[in-house]
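Input: a single structure, listed below in structure tokens.
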Amino acid sequence: MPGGRLTQQERQQIALGVADGLAYAEIARRLDRPTSTITREVMRNGGPTGYRADLAHRATEHRAHRRRQATPRGPQASPQAHGRDAEAVREYEERFTTLFMQQGLPKMMSRLLTCLYTTDAGSLTASELVQRLQVSPASISKAVTSLESQGLIRRERDERRRERYVVDDDVWYQGMIAAARANIELAETARQGVSILGPNTPAADRLENIARFVDFVTESLTRAAEQAREILYTKPGATSGDTAQPES
């Protein structure tokens with residue numbers, strides 16, 4: 001059934017499809033499942049190079065067993081802020097983490113970033129992250145260093161002088177600008193190849209086209225990021241004097 005849990009037999013078919021190099025959409029079609037289900041299953045259990053049906057099935061059973069032990073029965077089970085459904089939040093966090101992994105982030109960095117984005121405060125200490133993600137402090141430290149170097153999070157001190165890791169509107173802007181800088185370096189490297197490979201050669205023309213394309217996209221991305229920060233992240237009080245007065 002498309003809406004039910006994956007069976008061990010289905011996981012074996014997924015493993016065969018991945019080994020044969022089939023696209024996730026094709027595997028999903030053969031199993032009559034959503035593509036997102038196959039993508040999430042593979043990325044959560046070792047990725048395309050490490051997926052094994054038996055280990056994936058065992059890991060899923062273990063997670064289900066752990067949830068049953070951790071979640072008390074009854075109306076007071078898994079209290080959440082703002083009346084949120086604990087299971088729905090958990091599934092959403094897994095989808096968000098899978099998305100980050102598909103975009104190239106390692107699993108630990110993806111889990112940490114998801115944790116920060118789905119926290120109302122938008123910031124957590126190292127000890128809070130250790131408790132929420134159930135990993136070692138060393139794993140948190142390594143992931144934080146990598147995310148900070150990419151401009152995806154930042155550090156700050158709270159009133160108790162504790163170091164907190166933060167995601168906010170400006171961090172998202174800084175991440176976009178960091179991506180733009182990486183694109184600029186790509187364009188410059190491509191142009192260096194033009195003189196080395198010789199102007200008017202097919203290879204040089206190809207590199208010049210890459211550089212021109214990246215230049216155009218980078219300029220557009222930077223301009224859009226600047227405009228978005230100015231328009232979307234302006235505090236209401238900053239423009240209150242410009243609001244139109246109601247007609248009498």
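Chain labels follow the order of the structure tokens: the first chain is A, the next B, and so on; residue numbering restarts at 1 in every chain, and ligands are counted from 1 in their shown order.
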- Can you list, as an MDAnalysis selection string, every protein, DNA or RNA residue that comes within 12 Å of Glu148 in chain A when you count only C-alpha atoms, leaving out same-chain residues fewer than 5 positions away? chainID A and resid 109 112:113 140:143 153:156 165:167 171:172 174:175 178
- Message: What's around Glu226 in chain A at 10 Å? Count only C-alpha atoms, leave out sequence neighbours fewer than 6 positions away in its own chain, and write the answer as a list in words.
- Response: Tyr173, Met176, Ile177 and Ser220 of chain A
- Would you list, as JSON, numbers by chain, the residues of range 47-190 of chain A that end up in strand (DSSP E or B) under DSSP run on this structure's backbone? {"A": [123, 124, 125, 154, 155, 156, 157, 163, 164, 165, 166]}
Same residues, C-alpha atoms, saved as a tab-separated table (two decimals), in the first residue's frame:
```tsv
chain	number	residue	atom	x	y	z
A	123	SER	CA	19.46	29.37	18.70
A	124	LEU	CA	20.78	26.56	20.91
A	125	THR	CA	23.85	25.91	23.05
A	154	ARG	CA	26.80	32.10	13.54
A	155	ARG	CA	27.88	32.19	17.18
A	156	GLU	CA	26.88	34.64	19.89
A	157	ARG	CA	27.05	34.92	23.69
A	163	GLU	CA	28.02	30.34	23.45
A	164	ARG	CA	24.92	29.88	21.33
A	165	TYR	CA	24.62	28.83	17.69
A	166	VAL	CA	22.16	30.94	15.74
```
Just the alpha helix (DSSP H) stuff from range 80-215 of chain A, please, per backbone DSSP, written as a JSON list (two decimals) with N, CA and C atoms, in the first residue's frame.
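out.json, written as the output of this step:
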```
[["chain", "number", "residue", "atom", "x", "y", "z"],
["A", 86, "ALA", "N", 3.73, 15.77, 17.91],
["A", 86, "ALA", "CA", 5.12, 15.33, 18.04],
["A", 86, "ALA", "C", 5.56, 14.48, 16.85],
["A", 87, "GLU", "N", 4.71, 13.56, 16.41],
["A", 87, "GLU", "CA", 5.07, 12.68, 15.32],
["A", 87, "GLU", "C", 5.18, 13.46, 14.00],
["A", 88, "ALA", "N", 4.26, 14.40, 13.79],
["A", 88, "ALA", "CA", 4.32, 15.21, 12.58],
["A", 88, "ALA", "C", 5.59, 16.06, 12.55],
["A", 89, "VAL", "N", 5.97, 16.61, 13.70],
["A", 89, "VAL", "CA", 7.20, 17.40, 13.79],
["A", 89, "VAL", "C", 8.41, 16.54, 13.48],
["A", 90, "ARG", "N", 8.43, 15.32, 14.05],
["A", 90, "ARG", "CA", 9.57, 14.43, 13.83],
["A", 90, "ARG", "C", 9.69, 14.05, 12.35],
["A", 91, "GLU", "N", 8.59, 13.74, 11.71],
["A", 91, "GLU", "CA", 8.63, 13.39, 10.29],
["A", 91, "GLU", "C", 9.06, 14.58, 9.43],
["A", 92, "TYR", "N", 8.59, 15.77, 9.81],
["A", 92, "TYR", "CA", 8.99, 16.96, 9.06],
["A", 92, "TYR", "C", 10.50, 17.21, 9.19],
["A", 93, "GLU", "N", 11.04, 17.04, 10.40],
["A", 93, "GLU", "CA", 12.47, 17.23, 10.61],
["A", 93, "GLU", "C", 13.28, 16.23, 9.78],
["A", 94, "GLU", "N", 12.79, 15.01, 9.65],
["A", 94, "GLU", "CA", 13.48, 14.01, 8.82],
["A", 94, "GLU", "C", 13.46, 14.42, 7.35],
["A", 95, "ARG", "N", 12.33, 14.96, 6.87],
["A", 95, "ARG", "CA", 12.25, 15.41, 5.47],
["A", 95, "ARG", "C", 13.20, 16.58, 5.23],
["A", 96, "PHE", "N", 13.23, 17.51, 6.18],
["A", 96, "PHE", "CA", 14.10, 18.68, 6.06],
["A", 96, "PHE", "C", 15.57, 18.24, 6.04],
["A", 97, "THR", "N", 15.92, 17.32, 6.92],
["A", 97, "THR", "CA", 17.30, 16.81, 6.98],
["A", 97, "THR", "C", 17.67, 16.13, 5.67],
["A", 98, "THR", "N", 16.76, 15.32, 5.14],
["A", 98, "THR", "CA", 17.02, 14.64, 3.87],
["A", 98, "THR", "C", 17.25, 15.64, 2.75],
["A", 99, "LEU", "N", 16.48, 16.73, 2.74],
["A", 99, "LEU", "CA", 16.66, 17.77, 1.72],
["A", 99, "LEU", "C", 18.05, 18.37, 1.78],
["A", 100, "PHE", "N", 18.51, 18.70, 3.00],
["A", 100, "PHE", "CA", 19.86, 19.25, 3.14],
["A", 100, "PHE", "C", 20.92, 18.25, 2.66],
["A", 101, "MET", "N", 20.70, 16.97, 2.95],
["A", 101, "MET", "CA", 21.66, 15.94, 2.52],
["A", 101, "MET", "C", 21.69, 15.83, 1.00],
["A", 102, "GLN", "N", 20.53, 15.95, 0.37],
["A", 102, "GLN", "CA", 20.47, 15.90, -1.09],
["A", 102, "GLN", "C", 21.22, 17.08, -1.71],
["A", 107, "LYS", "N", 25.38, 14.30, 6.93],
["A", 107, "LYS", "CA", 24.20, 14.02, 7.76],
["A", 107, "LYS", "C", 24.20, 14.81, 9.06],
["A", 108, "MET", "N", 25.35, 14.87, 9.77],
["A", 108, "MET", "CA", 25.38, 15.55, 11.06],
["A", 108, "MET", "C", 25.12, 17.04, 10.90],
["A", 109, "MET", "N", 25.72, 17.65, 9.89],
["A", 109, "MET", "CA", 25.48, 19.06, 9.63],
["A", 109, "MET", "C", 24.02, 19.30, 9.26],
["A", 110, "SER", "N", 23.43, 18.39, 8.50],
["A", 110, "SER", "CA", 22.03, 18.52, 8.10],
["A", 110, "SER", "C", 21.11, 18.42, 9.31],
["A", 111, "ARG", "N", 21.38, 17.48, 10.20],
["A", 111, "ARG", "CA", 20.55, 17.32, 11.41],
["A", 111, "ARG", "C", 20.65, 18.55, 12.30],
["A", 112, "LEU", "N", 21.87, 19.08, 12.45],
["A", 112, "LEU", "CA", 22.06, 20.24, 13.31],
["A", 112, "LEU", "C", 21.35, 21.46, 12.74],
["A", 113, "LEU", "N", 21.47, 21.66, 11.43],
["A", 113, "LEU", "CA", 20.84, 22.81, 10.80],
["A", 113, "LEU", "C", 19.31, 22.71, 10.91],
["A", 114, "THR", "N", 18.78, 21.52, 10.69],
["A", 114, "THR", "CA", 17.33, 21.32, 10.84],
["A", 114, "THR", "C", 16.89, 21.62, 12.25],
["A", 115, "CYS", "N", 17.67, 21.16, 13.22],
["A", 115, "CYS", "CA", 17.34, 21.39, 14.63],
["A", 115, "CYS", "C", 17.26, 22.88, 14.94],
["A", 116, "LEU", "N", 18.19, 23.65, 14.42],
["A", 116, "LEU", "CA", 18.18, 25.09, 14.67],
["A", 116, "LEU", "C", 17.01, 25.77, 13.96],
["A", 117, "TYR", "N", 16.74, 25.37, 12.72],
["A", 117, "TYR", "CA", 15.66, 26.01, 11.97],
["A", 117, "TYR", "C", 14.28, 25.72, 12.56],
["A", 126, "ALA", "N", 25.64, 24.31, 22.78],
["A", 126, "ALA", "CA", 26.22, 23.01, 22.42],
["A", 126, "ALA", "C", 25.59, 21.89, 23.25],
["A", 127, "SER", "N", 25.39, 22.14, 24.54],
["A", 127, "SER", "CA", 24.81, 21.10, 25.40],
["A", 127, "SER", "C", 23.37, 20.80, 25.01],
["A", 128, "GLU", "N", 22.62, 21.82, 24.60],
["A", 128, "GLU", "CA", 21.24, 21.61, 24.16],
["A", 128, "GLU", "C", 21.21, 20.79, 22.87],
["A", 129, "LEU", "N", 22.15, 21.06, 21.96],
["A", 129, "LEU", "CA", 22.22, 20.29, 20.72],
["A", 129, "LEU", "C", 22.60, 18.84, 21.00],
["A", 130, "VAL", "N", 23.53, 18.63, 21.92],
["A", 130, "VAL", "CA", 23.92, 17.26, 22.29],
["A", 130, "VAL", "C", 22.71, 16.50, 22.81],
["A", 131, "GLN", "N", 21.91, 17.15, 23.66],
["A", 131, "GLN", "CA", 20.74, 16.50, 24.23],
["A", 131, "GLN", "C", 19.67, 16.22, 23.18],
["A", 132, "ARG", "N", 19.43, 17.17, 22.30],
["A", 132, "ARG", "CA", 18.38, 17.01, 21.29],
["A", 132, "ARG", "C", 18.75, 15.98, 20.23],
["A", 133, "LEU", "N", 20.00, 15.98, 19.80],
["A", 133, "LEU", "CA", 20.42, 15.10, 18.71],
["A", 133, "LEU", "C", 21.01, 13.78, 19.19],
["A", 137, "PRO", "N", 29.61, 15.67, 22.07],
["A", 137, "PRO", "CA", 30.00, 17.08, 21.91],
["A", 137, "PRO", "C", 30.98, 17.29, 20.77],
["A", 138, "ALA", "N", 31.85, 16.31, 20.53],
["A", 138, "ALA", "CA", 32.82, 16.43, 19.44],
["A", 138, "ALA", "C", 32.11, 16.49, 18.08],
["A", 139, "SER", "N", 31.04, 15.70, 17.92],
["A", 139, "SER", "CA", 30.27, 15.73, 16.67],
["A", 139, "SER", "C", 29.62, 17.08, 16.46],
["A", 140, "ILE", "N", 29.09, 17.66, 17.53],
["A", 140, "ILE", "CA", 28.47, 18.98, 17.45],
["A", 140, "ILE", "C", 29.52, 20.02, 17.07],
["A", 141, "SER", "N", 30.68, 19.97, 17.72],
["A", 141, "SER", "CA", 31.73, 20.95, 17.46],
["A", 141, "SER", "C", 32.20, 20.90, 16.02],
["A", 142, "LYS", "N", 32.38, 19.71, 15.48],
["A", 142, "LYS", "CA", 32.84, 19.57, 14.10],
["A", 142, "LYS", "C", 31.79, 20.10, 13.12],
["A", 143, "ALA", "N", 30.52, 19.77, 13.35],
["A", 143, "ALA", "CA", 29.45, 20.23, 12.45],
["A", 143, "ALA", "C", 29.30, 21.74, 12.52],
["A", 144, "VAL", "N", 29.39, 22.30, 13.72],
["A", 144, "VAL", "CA", 29.26, 23.75, 13.89],
["A", 144, "VAL", "C", 30.37, 24.48, 13.15],
["A", 145, "THR", "N", 31.59, 23.98, 13.27],
["A", 145, "THR", "CA", 32.72, 24.62, 12.59],
["A", 145, "THR", "C", 32.51, 24.65, 11.08],
["A", 146, "SER", "N", 32.04, 23.54, 10.53],
["A", 146, "SER", "CA", 31.81, 23.47, 9.08],
["A", 146, "SER", "C", 30.68, 24.39, 8.65],
["A", 147, "LEU", "N", 29.58, 24.39, 9.39],
["A", 147, "LEU", "CA", 28.44, 25.24, 9.04],
["A", 147, "LEU", "C", 28.79, 26.72, 9.16],
["A", 148, "GLU", "N", 29.56, 27.06, 10.18],
["A", 148, "GLU", "CA", 29.96, 28.45, 10.37],
["A", 148, "GLU", "C", 30.87, 28.91, 9.24],
["A", 149, "SER", "N", 31.77, 28.04, 8.80],
["A", 149, "SER", "CA", 32.69, 28.41, 7.71],
["A", 149, "SER", "C", 31.95, 28.66, 6.40],
["A", 169, "ASP", "N", 17.50, 35.69, 10.02],
["A", 169, "ASP", "CA", 17.37, 36.25, 8.68],
["A", 169, "ASP", "C", 18.72, 36.63, 8.09],
["A", 170, "ASP", "N", 19.59, 37.23, 8.90],
["A", 170, "ASP", "CA", 20.87, 37.69, 8.38],
["A", 170, "ASP", "C", 21.78, 36.52, 8.03],
["A", 171, "VAL", "N", 21.69, 35.42, 8.78],
["A", 171, "VAL", "CA", 22.49, 34.25, 8.47],
["A", 171, "VAL", "C", 22.12, 33.70, 7.10],
["A", 172, "TRP", "N", 20.84, 33.68, 6.79],
["A", 172, "TRP", "CA", 20.41, 33.20, 5.47],
["A", 172, "TRP", "C", 20.97, 34.10, 4.37],
["A", 173, "TYR", "N", 20.94, 35.40, 4.61],
["A", 173, "TYR", "CA", 21.51, 36.35, 3.65],
["A", 173, "TYR", "C", 23.01, 36.10, 3.49],
["A", 174, "GLN", "N", 23.71, 35.95, 4.60],
["A", 174, "GLN", "CA", 25.16, 35.72, 4.55],
["A", 174, "GLN", "C", 25.49, 34.42, 3.82],
["A", 175, "GLY", "N", 24.62, 33.40, 3.99],
["A", 175, "GLY", "CA", 24.84, 32.14, 3.28],
["A", 175, "GLY", "C", 24.74, 32.33, 1.77],
["A", 176, "MET", "N", 23.77, 33.15, 1.34],
["A", 176, "MET", "CA", 23.62, 33.43, -0.09],
["A", 176, "MET", "C", 24.84, 34.18, -0.63],
["A", 177, "ILE", "N", 25.34, 35.15, 0.16],
["A", 177, "ILE", "CA", 26.51, 35.90, -0.27],
["A", 177, "ILE", "C", 27.74, 35.00, -0.33],
["A", 178, "ALA", "N", 27.85, 34.07, 0.63],
["A", 178, "ALA", "CA", 28.98, 33.12, 0.60],
["A", 178, "ALA", "C", 28.92, 32.25, -0.66],
["A", 179, "ALA", "N", 27.70, 31.84, -1.05],
["A", 179, "ALA", "CA", 27.55, 31.05, -2.27],
["A", 179, "ALA", "C", 27.94, 31.88, -3.49],
["A", 180, "ALA", "N", 27.61, 33.16, -3.47],
["A", 180, "ALA", "CA", 27.97, 34.04, -4.57],
["A", 180, "ALA", "C", 29.49, 34.17, -4.68],
["A", 181, "ARG", "N", 30.17, 34.27, -3.54],
["A", 181, "ARG", "CA", 31.64, 34.36, -3.56],
["A", 181, "ARG", "C", 32.25, 33.10, -4.16],
["A", 182, "ALA", "N", 31.68, 31.95, -3.81],
["A", 182, "ALA", "CA", 32.19, 30.70, -4.37],
["A", 182, "ALA", "C", 32.01, 30.67, -5.88],
["A", 183, "ASN", "N", 30.90, 31.22, -6.35],
["A", 183, "ASN", "CA", 30.66, 31.28, -7.79],
["A", 183, "ASN", "C", 31.65, 32.21, -8.49],
["A", 184, "ILE", "N", 31.98, 33.32, -7.82],
["A", 184, "ILE", "CA", 32.96, 34.24, -8.39],
["A", 184, "ILE", "C", 34.30, 33.54, -8.57],
["A", 185, "GLU", "N", 34.69, 32.75, -7.59],
["A", 185, "GLU", "CA", 35.95, 32.00, -7.68],
["A", 185, "GLU", "C", 35.89, 31.00, -8.83],
["A", 186, "LEU", "N", 34.73, 30.37, -9.01],
["A", 186, "LEU", "CA", 34.57, 29.43, -10.12],
["A", 186, "LEU", "C", 34.75, 30.14, -11.46],
["A", 187, "ALA", "N", 34.13, 31.31, -11.60],
["A", 187, "ALA", "CA", 34.24, 32.06, -12.85],
["A", 187, "ALA", "C", 35.68, 32.47, -13.11],
["A", 188, "GLU", "N", 36.39, 32.93, -12.08],
["A", 188, "GLU", "CA", 37.78, 33.35, -12.25],
["A", 188, "GLU", "C", 38.66, 32.17, -12.66],
["A", 189, "THR", "N", 38.43, 31.02, -12.06],
["A", 189, "THR", "CA", 39.21, 29.83, -12.40],
["A", 189, "THR", "C", 38.94, 29.40, -13.84],
["A", 190, "ALA", "N", 37.68, 29.48, -14.26],
["A", 190, "ALA", "CA", 37.34, 29.12, -15.64],
["A", 190, "ALA", "C", 38.06, 30.04, -16.61],
["A", 191, "ARG", "N", 38.11, 31.34, -16.30],
["A", 191, "ARG", "CA", 38.76, 32.30, -17.21],
["A", 191, "ARG", "C", 40.28, 32.08, -17.28],
["A", 192, "GLN", "N", 40.86, 31.60, -16.17],
["A", 192, "GLN", "CA", 42.29, 31.31, -16.20],
["A", 192, "GLN", "C", 42.59, 30.22, -17.23],
["A", 193, "GLY", "N", 41.64, 29.29, -17.37],
["A", 193, "GLY", "CA", 41.84, 28.21, -18.33],
["A", 193, "GLY", "C", 41.79, 28.67, -19.77],
["A", 194, "VAL", "N", 41.15, 29.82, -20.04],
["A", 194, "VAL", "CA", 41.04, 30.31, -21.41],
["A", 194, "VAL", "C", 42.43, 30.62, -21.97],
["A", 195, "SER", "N", 43.24, 31.33, -21.18],
["A", 195, "SER", "CA", 44.58, 31.68, -21.66],
["A", 195, "SER", "C", 45.50, 30.46, -21.70],
["A", 196, "ILE", "N", 45.29, 29.53, -20.77],
["A", 196, "ILE", "CA", 46.15, 28.35, -20.74],
["A", 196, "ILE", "C", 45.85, 27.42, -21.91],
["A", 197, "LEU", "N", 44.59, 27.22, -22.22],
["A", 197, "LEU", "CA", 44.20, 26.30, -23.29],
["A", 197, "LEU", "C", 44.23, 26.96, -24.67],
["A", 202, "PRO", "N", 38.06, 25.10, -28.84],
["A", 202, "PRO", "CA", 36.77, 24.63, -28.28],
["A", 202, "PRO", "C", 36.77, 24.59, -26.76],
["A", 203, "ALA", "N", 37.87, 24.12, -26.16],
["A", 203, "ALA", "CA", 37.91, 24.04, -24.70],
["A", 203, "ALA", "C", 37.87, 25.42, -24.08],
["A", 204, "ALA", "N", 38.61, 26.37, -24.64],
["A", 204, "ALA", "CA", 38.63, 27.73, -24.11],
["A", 204, "ALA", "C", 37.26, 28.39, -24.26],
["A", 205, "ASP", "N", 36.61, 28.17, -25.40],
["A", 205, "ASP", "CA", 35.27, 28.72, -25.59],
["A", 205, "ASP", "C", 34.30, 28.18, -24.55],
["A", 206, "ARG", "N", 34.44, 26.90, -24.26],
["A", 206, "ARG", "CA", 33.56, 26.29, -23.27],
["A", 206, "ARG", "C", 33.77, 26.93, -21.89],
["A", 207, "LEU", "N", 35.03, 27.13, -21.51],
["A", 207, "LEU", "CA", 35.33, 27.74, -20.22],
["A", 207, "LEU", "C", 34.87, 29.19, -20.16],
["A", 208, "GLU", "N", 35.02, 29.92, -21.25],
["A", 208, "GLU", "CA", 34.57, 31.30, -21.29],
["A", 208, "GLU", "C", 33.06, 31.38, -21.14],
["A", 209, "ASN", "N", 32.34, 30.47, -21.75],
["A", 209, "ASN", "CA", 30.87, 30.43, -21.61],
["A", 209, "ASN", "C", 30.47, 30.12, -20.18],
["A", 210, "ILE", "N", 31.23, 29.22, -19.54],
["A", 210, "ILE", "CA", 30.95, 28.92, -18.13],
["A", 210, "ILE", "C", 31.13, 30.18, -17.29],
["A", 211, "ALA", "N", 32.24, 30.87, -17.50],
["A", 211, "ALA", "CA", 32.53, 32.08, -16.71],
["A", 211, "ALA", "C", 31.46, 33.14, -16.92],
["A", 212, "ARG", "N", 31.04, 33.35, -18.17],
["A", 212, "ARG", "CA", 30.02, 34.37, -18.45],
["A", 212, "ARG", "C", 28.69, 34.00, -17.80],
["A", 213, "PHE", "N", 28.33, 32.73, -17.89],
["A", 213, "PHE", "CA", 27.07, 32.28, -17.29],
["A", 213, "PHE", "C", 27.10, 32.47, -15.78],
["A", 214, "VAL", "N", 28.20, 32.04, -15.15],
["A", 214, "VAL", "CA", 28.32, 32.15, -13.69],
["A", 214, "VAL", "C", 28.35, 33.61, -13.26],
["A", 215, "ASP", "N", 29.03, 34.45, -14.02],
["A", 215, "ASP", "CA", 29.04, 35.89, -13.71],
["A", 215, "ASP", "C", 27.63, 36.45, -13.68]]
```
- Message: I'd like the contact shell of range 39-43 of chain A - 12 Å cut-off, only C-alpha atoms, skipping same-chain residues fewer than 6 positions apart - returned as a VMD selection string.
- Response: chain A and resid 5 to 7 10 to 19 22 to 28 33 49 to 53 55 to 57 59 to 60 91 to 107 110
